[in-house]
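K.L.:
Input file: target.txt. Contents: compact mmCIF, C-alpha atoms.
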```txt
# COMPACT_ATOMS: atom_id res chain seq x y z
CA MET A 248 22.39 -5.41 -31.80
CA ALA A 249 22.29 -3.47 -35.09
CA LEU A 250 19.73 -0.69 -35.29
CA HIS A 251 18.99 -1.23 -38.99
CA THR A 252 18.03 -4.35 -40.91
CA ILE A 253 20.88 -5.12 -43.30
CA LEU A 254 19.67 -6.57 -46.59
CA ASP A 255 21.45 -9.65 -47.91
CA ARG A 256 21.48 -9.70 -51.71
CA THR A 257 21.78 -13.51 -51.67
CA HIS A 258 18.36 -13.83 -50.00
CA ALA A 259 15.70 -13.21 -52.65
CA ARG A 260 12.32 -11.80 -51.65
CA SER A 261 13.35 -10.73 -48.16
CA VAL A 262 11.23 -7.55 -48.12
CA SER A 263 7.46 -7.25 -48.23
CA PRO A 264 5.91 -7.29 -51.73
CA GLY A 265 4.70 -4.11 -53.39
CA LEU A 266 7.32 -1.75 -51.98
CA CYS A 267 9.32 0.87 -53.88
CA ALA A 268 12.92 1.23 -52.66
CA LEU A 269 13.87 4.87 -52.06
CA GLY A 270 17.59 4.24 -51.81
CA ILE A 271 20.09 6.96 -50.90
CA MET A 272 23.51 6.33 -52.45
CA THR A 273 25.84 7.24 -49.60
CA LYS A 274 29.45 7.05 -48.51
CA ALA A 275 30.19 6.84 -44.78
CA PRO A 276 30.55 10.50 -43.67
CA GLU A 277 34.22 10.49 -42.68
CA PRO A 278 36.21 13.76 -42.69
CA GLY A 279 38.38 14.00 -45.78
CA LYS A 280 36.37 11.33 -47.62
CA VAL A 281 33.07 13.12 -48.34
CA LYS A 282 32.13 16.52 -49.82
CA THR A 283 35.79 17.24 -50.53
CA ARG A 284 34.92 19.91 -53.11
CA LEU A 285 33.45 21.95 -50.25
CA THR A 286 36.88 22.20 -48.57
CA PRO A 287 37.41 25.11 -48.61
CA PRO A 288 35.38 27.04 -47.57
CA LEU A 289 34.46 24.32 -45.05
CA THR A 290 36.94 22.29 -43.04
CA ALA A 291 37.00 18.54 -43.64
CA GLU A 292 35.20 18.03 -40.33
CA GLU A 293 32.51 20.57 -41.23
CA ALA A 294 32.03 19.00 -44.66
CA ALA A 295 31.48 15.58 -43.09
CA ALA A 296 29.06 17.06 -40.55
CA LEU A 297 27.17 18.83 -43.35
CA ASN A 298 26.98 15.54 -45.24
CA LYS A 299 25.30 13.99 -42.19
CA CYS A 300 22.79 16.84 -42.19
CA PHE A 301 22.05 16.23 -45.88
CA LEU A 302 21.40 12.55 -45.14
CA ARG A 303 19.14 13.34 -42.19
CA ASP A 304 17.10 15.80 -44.26
CA LEU A 305 16.81 13.39 -47.18
CA ALA A 306 15.76 10.61 -44.81
CA GLN A 307 13.12 12.87 -43.27
CA SER A 308 11.71 13.63 -46.74
CA ILE A 309 11.75 9.94 -47.66
CA LYS A 310 9.88 9.14 -44.42
CA GLY A 311 7.30 11.73 -45.42
CA ALA A 312 7.04 10.21 -48.88
CA SER A 313 6.45 6.78 -47.35
CA ASP A 314 3.25 8.15 -45.79
CA GLN A 315 2.01 9.11 -49.26
CA SER A 316 3.20 6.10 -51.29
CA SER A 317 4.62 2.58 -51.18
CA GLY A 318 8.15 3.98 -50.75
CA ARG A 319 10.56 2.53 -48.19
CA GLY A 320 13.89 4.09 -47.24
CA VAL A 321 17.19 2.31 -47.84
CA GLY A 322 20.72 3.48 -47.18
CA VAL A 323 22.85 2.09 -50.03
CA TYR A 324 26.21 2.57 -48.37
CA THR A 325 29.94 2.13 -48.73
CA PRO A 326 32.37 0.96 -47.42
CA LEU A 327 31.34 -2.36 -45.96
CA GLY A 328 31.75 -2.45 -42.19
CA ARG A 329 30.56 1.11 -41.58
CA GLU A 330 26.96 0.21 -40.82
CA SER A 331 27.08 1.70 -37.32
CA ASP A 332 27.84 5.16 -38.78
CA TYR A 333 24.20 5.41 -39.81
CA GLU A 334 22.65 4.67 -36.42
CA ASP A 335 22.34 8.37 -35.55
CA ILE A 336 21.65 9.45 -39.14
CA LEU A 337 18.98 7.23 -40.72
CA PRO A 338 15.67 6.27 -39.06
CA SER A 339 15.52 2.80 -37.56
CA ASP A 340 13.00 1.57 -40.14
CA PHE A 341 15.41 2.23 -43.02
CA PHE A 342 17.10 -0.81 -44.50
CA LEU A 343 20.83 -0.86 -45.25
CA LEU A 344 22.37 -2.39 -48.36
CA SER A 345 26.09 -2.35 -49.11
CA GLN A 346 27.29 -1.02 -52.45
CA ARG A 347 29.40 -3.03 -54.87
CA GLY A 348 31.13 -2.20 -58.13
CA ASN A 349 34.05 -0.03 -59.16
CA ASP A 350 32.96 3.10 -61.02
CA PHE A 351 29.76 5.04 -60.34
CA GLY A 352 27.84 3.49 -63.22
CA GLU A 353 28.58 -0.02 -61.94
CA ARG A 354 27.48 0.94 -58.45
CA LEU A 355 24.15 2.20 -59.76
CA ILE A 356 23.63 -0.95 -61.82
CA PHE A 357 24.46 -3.32 -58.98
CA ALA A 358 22.42 -1.34 -56.43
CA THR A 359 19.39 -1.52 -58.72
CA GLU A 360 19.87 -5.24 -59.36
CA ASP A 361 20.36 -5.99 -55.66
CA LEU A 362 17.27 -4.05 -54.58
CA PHE A 363 15.14 -5.93 -57.10
CA GLN A 364 16.77 -9.19 -55.98
CA VAL A 365 15.71 -8.73 -52.34
CA GLY A 366 12.12 -8.20 -53.40
CA PHE A 367 11.36 -4.54 -54.09
CA SER A 368 8.74 -4.09 -56.80
CA SER A 369 10.34 -0.87 -58.04
CA VAL A 370 13.59 0.95 -57.31
CA CYS A 371 14.61 4.60 -57.01
CA LEU A 372 18.22 5.60 -56.42
CA ILE A 373 18.74 9.04 -54.89
CA ASN A 374 21.93 11.07 -54.55
CA SER A 375 23.07 12.38 -51.17
CA ASP A 376 23.76 15.92 -52.42
CA SER A 377 20.23 17.36 -52.70
CA PRO A 378 18.84 17.97 -49.20
CA THR A 379 16.12 20.38 -50.32
CA VAL A 380 14.21 17.89 -52.50
CA PRO A 381 10.77 17.64 -50.85
CA ALA A 382 8.86 14.54 -49.80
CA SER A 383 6.34 15.23 -52.57
CA SER A 384 8.96 14.52 -55.25
CA PHE A 385 9.91 11.17 -53.72
CA ALA A 386 6.25 10.24 -53.29
CA ALA A 387 5.58 11.21 -56.92
CA ALA A 388 8.41 8.93 -58.05
CA ALA A 389 7.10 5.93 -56.10
CA ASN A 390 3.53 6.57 -57.23
CA ALA A 391 4.53 6.90 -60.90
CA LEU A 392 6.25 3.53 -60.67
CA SER A 393 3.16 1.93 -59.13
CA GLN A 394 1.08 2.69 -62.23
CA PRO A 395 0.65 0.22 -65.11
CA GLY A 396 3.15 0.39 -67.97
CA GLU A 397 6.91 0.57 -68.18
CA ARG A 398 8.72 3.84 -67.52
CA VAL A 399 11.79 5.41 -66.01
CA VAL A 400 11.46 8.26 -63.50
CA LEU A 401 14.10 11.01 -63.45
CA GLY A 402 14.57 13.90 -61.06
CA PRO A 403 16.59 16.46 -63.06
CA SER A 404 19.30 18.49 -61.35
CA ALA A 405 20.08 22.06 -62.30
CA ASP A 406 23.66 21.07 -63.21
CA GLY A 407 22.56 18.70 -65.98
CA GLY A 408 22.56 15.50 -63.94
CA TYR A 409 19.78 13.89 -61.93
CA TYR A 410 19.09 13.52 -58.21
CA LEU A 411 16.84 10.46 -58.66
CA ILE A 412 16.43 7.64 -61.14
CA GLY A 413 13.66 5.06 -60.76
CA MET A 414 12.45 2.03 -62.69
CA LYS A 415 10.13 -0.97 -62.50
CA GLN A 416 12.60 -3.52 -63.81
CA MET A 417 16.33 -3.59 -64.45
CA ARG A 418 17.29 -1.61 -67.54
CA ARG A 419 21.07 -1.75 -67.78
CA ARG A 420 21.18 0.36 -70.94
CA ILE A 421 19.97 3.37 -68.94
CA PHE A 422 23.31 3.39 -67.07
CA GLN A 423 25.63 2.64 -70.00
CA ASP A 424 27.75 5.09 -72.03
CA ILE A 425 27.07 7.94 -69.61
CA SER A 426 29.64 10.69 -68.98
CA TRP A 427 29.28 10.61 -65.20
CA SER A 428 29.85 13.79 -63.18
CA THR A 429 29.31 16.03 -66.22
CA GLU A 430 26.51 18.31 -67.38
CA ARG A 431 25.54 15.69 -70.01
CA VAL A 432 24.28 12.98 -67.64
CA LEU A 433 20.57 13.78 -67.91
CA GLU A 434 20.73 14.38 -71.67
CA GLN A 435 22.53 11.08 -72.26
CA THR A 436 20.15 9.19 -69.95
CA LEU A 437 17.18 10.54 -71.91
CA GLN A 438 18.89 9.33 -75.09
CA ARG A 439 19.30 5.83 -73.62
CA ALA A 440 15.61 5.77 -72.66
CA LYS A 441 14.67 6.76 -76.21
CA GLU A 442 16.89 4.01 -77.63
CA ILE A 443 14.96 1.33 -75.73
CA ASP A 444 11.58 3.03 -76.26
CA LEU A 445 11.06 3.66 -72.55
CA GLU A 446 8.61 6.31 -71.35
CA VAL A 447 10.18 9.00 -69.14
CA HIS A 448 8.43 10.62 -66.17
CA LEU A 449 10.18 13.81 -65.06
CA LEU A 450 10.01 15.15 -61.51
CA PRO A 451 10.48 18.80 -60.50
CA VAL A 452 14.04 20.09 -60.88
CA GLY A 453 16.34 19.97 -57.84
CA PHE A 454 19.95 20.98 -57.28
CA ASP A 455 23.11 19.30 -56.04
CA VAL A 456 25.37 20.90 -53.43
CA ASP A 457 28.95 19.96 -54.23
CA ASP A 458 31.06 23.12 -54.49
CA GLN A 459 31.39 26.65 -53.14
CA ALA A 460 28.95 28.15 -55.64
CA THR A 461 26.18 25.67 -54.88
CA LEU A 462 26.84 26.03 -51.15
CA ARG A 463 26.06 29.74 -51.51
CA PHE A 464 22.89 28.84 -53.41
CA LEU A 465 21.95 26.42 -50.62
CA CYS A 466 22.44 29.14 -48.00
CA GLN A 467 20.11 31.39 -49.96
CA GLU A 468 17.55 28.57 -50.24
CA VAL A 469 17.46 27.66 -46.54
CA LEU A 470 18.48 30.95 -44.86
CA GLY A 471 17.37 33.66 -47.28
CA ALA A 472 14.38 35.93 -46.95
CA ASN A 473 12.06 33.45 -48.67
CA ALA A 474 13.31 30.35 -46.84
CA ARG A 475 10.70 27.96 -45.45
CA ASP A 476 11.25 26.29 -42.08
CA GLU A 477 10.29 22.84 -43.32
CA VAL A 478 12.99 22.75 -46.01
CA ALA A 479 16.15 20.87 -44.96
CA PRO A 480 15.90 21.75 -41.23
CA ASN A 481 19.08 19.92 -40.18
CA THR A 482 21.10 21.57 -42.92
CA ARG A 483 19.64 24.98 -42.11
CA ARG A 484 20.48 24.61 -38.43
CA PHE A 485 24.08 23.61 -39.13
CA LEU A 486 24.74 26.48 -41.54
CA SER A 487 23.01 29.04 -39.33
CA GLU A 488 25.23 28.02 -36.39
CA ILE A 489 28.35 28.79 -38.43
CA ILE A 490 26.96 32.18 -39.45
CA GLU A 491 25.86 33.05 -35.92
CA ARG A 492 29.30 32.13 -34.64
CA GLU A 493 31.51 33.94 -37.16
CA GLY A 494 29.38 35.80 -39.71
CA ARG A 495 28.45 34.83 -43.23
CA SER A 496 31.56 35.82 -45.21
CA ARG A 497 33.17 32.36 -45.25
CA ILE A 498 30.26 30.26 -46.46
CA TRP A 499 27.72 32.78 -47.78
CA PRO A 500 29.57 35.93 -48.87
CA THR A 501 27.64 38.95 -50.06
CA LEU A 502 28.24 39.29 -53.79
```
What does this structure look like when you write it as structure tokens?
P.N.:
Amino acid sequence: MALHTILDRTHARSVSPGLCALGIMTKAPEPGKVKTRLTPPLTAEEAAALNKCFLRDLAQSIKGASDQSSGRGVGVYTPLGRESDYEDILPSDFFLLSQRGNDFGERLIFATEDLFQVGFSSVCLINSDSPTVPASSFAAAANALSQPGERVVLGPSADGGYYLIGMKQMRRRIFQDISWSTERVLEQTLQRAKEIDLEVHLLPVGFDVDDQATLRFLCQEVLGANARDEVAPNTRRFLSEIIEREGRSRIWPTL
């Protein structure tokens, strides 16, 4: 029996009314298929294991946000057939929804449409690369979308993209003519919102971990002198085990 409830996009209104989907866009964490820009300095197996830690930490923050808002966790996953991969990663009360579409923009559009179709009152899509985003940011997104009036919620990333986008109804224009995976994503998304006269609610800035430089920044964030124990505990544990085993030079060199 499957641990998670798998949402069927053909069954409208299959979730309780009034909920905000906090959906993590995720690819099954298979070595060589995820976090490939982190190899090196990590091995393919380590990169996949780190990706699992990111997902666990994000899920923990989303669970915390659910206690402060109407948010409900969803794993928006690919490929189809890999549902069991998430049994030891996402909490049992998370839903699963399979991704569809070809390029990234299409996948965001279809994920948003499908989450509205199954009955969510508002939808946030969250990347899987920002494990240090706190529960308070996810709760703030859900709460902003519960207020009267139309708006889009954006969680800016330090690299010029965003770690979260949320809305109260489908707005396809928000996802169109965007230079995905560039430093212009946030800027262009703000332009699209302006074009359709949509209010923007900005969350605190976060950061994506997708290359060697941002891995070093992550190490500083979770293992440095000012690190806080509650921030990304699974990620911190994984990285600290590597450093305890072989020193810091490979993943967190002294500059």
K.L.:
As JSON, numbers by chain, please: the residues near Thr325 in chain A (cut-off 8 Å, all atoms listed in the file, same-chain neighbours under 3 positions excluded).
P.N.:
{"A": [273, 274, 275, 329, 345, 346]}
K.L.:
Which residue gives the smallest distance to Leu450 in chain A among A:Leu401, A:Lys415, A:Ile490, A:Asp424, with all atoms listed in the file counted?
P.N.:
A:Leu401
K.L.:
In Å to one decimal, how far is CA of Pro278 in chain A from CA of Glu293 in chain A?
P.N.:
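The value is 7.9 Å.
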K.L.:
Show me, as a JSON list (two decimals) with C-alpha atoms, in the coordinates of the input, the residues that have an atom within 10 Å of range 252-269 of chain A when counting only C-alpha atoms, minus same-chain residues fewer than 5 positions from it.
P.N.:
```json
[["chain", "number", "residue", "atom", "x", "y", "z"],
["A", 306, "ALA", "CA", 15.76, 10.61, -44.81],
["A", 309, "ILE", "CA", 11.75, 9.94, -47.66],
["A", 310, "LYS", "CA", 9.88, 9.14, -44.42],
["A", 312, "ALA", "CA", 7.04, 10.21, -48.88],
["A", 313, "SER", "CA", 6.45, 6.78, -47.35],
["A", 316, "SER", "CA", 3.20, 6.10, -51.29],
["A", 317, "SER", "CA", 4.62, 2.58, -51.18],
["A", 318, "GLY", "CA", 8.15, 3.98, -50.75],
["A", 319, "ARG", "CA", 10.56, 2.53, -48.19],
["A", 320, "GLY", "CA", 13.89, 4.09, -47.24],
["A", 321, "VAL", "CA", 17.19, 2.31, -47.84],
["A", 322, "GLY", "CA", 20.72, 3.48, -47.18],
["A", 323, "VAL", "CA", 22.85, 2.09, -50.03],
["A", 330, "GLU", "CA", 26.96, 0.21, -40.82],
["A", 339, "SER", "CA", 15.52, 2.80, -37.56],
["A", 340, "ASP", "CA", 13.00, 1.57, -40.14],
["A", 341, "PHE", "CA", 15.41, 2.23, -43.02],
["A", 342, "PHE", "CA", 17.10, -0.81, -44.50],
["A", 343, "LEU", "CA", 20.83, -0.86, -45.25],
["A", 344, "LEU", "CA", 22.37, -2.39, -48.36],
["A", 345, "SER", "CA", 26.09, -2.35, -49.11],
["A", 358, "ALA", "CA", 22.42, -1.34, -56.43],
["A", 359, "THR", "CA", 19.39, -1.52, -58.72],
["A", 360, "GLU", "CA", 19.87, -5.24, -59.36],
["A", 361, "ASP", "CA", 20.36, -5.99, -55.66],
["A", 362, "LEU", "CA", 17.27, -4.05, -54.58],
["A", 363, "PHE", "CA", 15.14, -5.93, -57.10],
["A", 364, "GLN", "CA", 16.77, -9.19, -55.98],
["A", 365, "VAL", "CA", 15.71, -8.73, -52.34],
["A", 366, "GLY", "CA", 12.12, -8.20, -53.40],
["A", 367, "PHE", "CA", 11.36, -4.54, -54.09],
["A", 368, "SER", "CA", 8.74, -4.09, -56.80],
["A", 369, "SER", "CA", 10.34, -0.87, -58.04],
["A", 370, "VAL", "CA", 13.59, 0.95, -57.31],
["A", 371, "CYS", "CA", 14.61, 4.60, -57.01],
["A", 372, "LEU", "CA", 18.22, 5.60, -56.42],
["A", 373, "ILE", "CA", 18.74, 9.04, -54.89],
["A", 385, "PHE", "CA", 9.91, 11.17, -53.72],
["A", 386, "ALA", "CA", 6.25, 10.24, -53.29],
["A", 388, "ALA", "CA", 8.41, 8.93, -58.05],
["A", 389, "ALA", "CA", 7.10, 5.93, -56.10],
["A", 390, "ASN", "CA", 3.53, 6.57, -57.23],
["A", 392, "LEU", "CA", 6.25, 3.53, -60.67],
["A", 393, "SER", "CA", 3.16, 1.93, -59.13],
["A", 411, "LEU", "CA", 16.84, 10.46, -58.66],
["A", 412, "ILE", "CA", 16.43, 7.64, -61.14],
["A", 413, "GLY", "CA", 13.66, 5.06, -60.76],
["A", 414, "MET", "CA", 12.45, 2.03, -62.69],
["A", 415, "LYS", "CA", 10.13, -0.97, -62.50]]
```
K.L.:
Skip Gln438 in chain A itself and residues of its chain fewer than 4 positions away, then list as a PyMOL selection string all residues within 12 Å of it, counting only C-alpha atoms.
P.N.:
chain A and resi 420-425+431-434+442-447
K.L.:
Export C-alpha atoms of the chosen residues as an mmCIF file, keeping the file's coordinate frame?
P.N.:
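New file out22.cif:
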```
data_model
loop_
_atom_site.group_PDB
_atom_site.id
_atom_site.type_symbol
_atom_site.label_atom_id
_atom_site.label_comp_id
_atom_site.auth_asym_id
_atom_site.auth_seq_id
_atom_site.Cartn_x
_atom_site.Cartn_y
_atom_site.Cartn_z
ATOM 1 C CA ARG A 420 21.180 0.360 -70.940
ATOM 2 C CA ILE A 421 19.970 3.370 -68.940
ATOM 3 C CA PHE A 422 23.310 3.390 -67.070
ATOM 4 C CA GLN A 423 25.630 2.640 -70.000
ATOM 5 C CA ASP A 424 27.750 5.090 -72.030
ATOM 6 C CA ILE A 425 27.070 7.940 -69.610
ATOM 7 C CA ARG A 431 25.540 15.690 -70.010
ATOM 8 C CA VAL A 432 24.280 12.980 -67.640
ATOM 9 C CA LEU A 433 20.570 13.780 -67.910
ATOM 10 C CA GLU A 434 20.730 14.380 -71.670
ATOM 11 C CA GLU A 442 16.890 4.010 -77.630
ATOM 12 C CA ILE A 443 14.960 1.330 -75.730
ATOM 13 C CA ASP A 444 11.580 3.030 -76.260
ATOM 14 C CA LEU A 445 11.060 3.660 -72.550
ATOM 15 C CA GLU A 446 8.610 6.310 -71.350
ATOM 16 C CA VAL A 447 10.180 9.000 -69.140
#
```
K.L.:
Using CA of Ser487 in chain A and CA of Gly270 in chain A as the two end points, give the distance in Å to one decimal.
P.N.:
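The value is 28.3 Å.
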K.L.:
From the options A:Glu468, A:Tyr410, A:Pro326, A:Gln459, which residue's atoms come nearest to Gly348 in chain A, counting all atoms listed in the file?
P.N.:
A:Pro326
K.L.:
Which residue is closest to Arg463 in chain A? Choose from A:Pro500, A:Gly402, A:Gly328, A:Pro381 and count all atoms listed in the file.
P.N.:
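Using all atoms listed in the file, Arg463 in chain A sits closest to A:Pro500.
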K.L.:
What separation in Å, quoted to one decimal, exists between CA of Ser426 in chain A and CA of Gly408 in chain A?
P.N.:
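Atom-to-atom, CA of Ser426 in chain A and CA of Gly408 in chain A are spaced 9.9 Å apart.
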K.L.:
Output, as JSON, the centre and edge lengths in Å (one decimal) of the axis-aligned box that contains all listed atoms of range 424-437 of chain A with 3 Å of margin on each side.
P.N.:
```
{"center_x": 23.5, "center_y": 11.7, "center_z": -67.7, "size_x": 18.7, "size_y": 19.2, "size_z": 15.1}
```
K.L.:
Compare A:Gln467, A:Gln315, A:Gln416, A:Thr436 by their minimum atom-to-atom distance to Pro403 in chain A, counting all atoms listed in the file, and give me the closest one.
P.N.:
A:Thr436
K.L.:
For each of A:Gly311, A:Asn374, A:Phe357, A:Leu305, take the minimum atom-to-atom distance to Ala387 in chain A, counting only C-alpha atoms, then give the residue where this is smallest.
P.N.:
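Closest residue, counting only C-alpha atoms: A:Gly311.
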K.L.:
Could you check which of A:Gln435, A:Gln394, A:Ser383, A:Asn473 is closest to Gln307 in chain A, using only C-alpha atoms?
P.N.:
A:Ser383
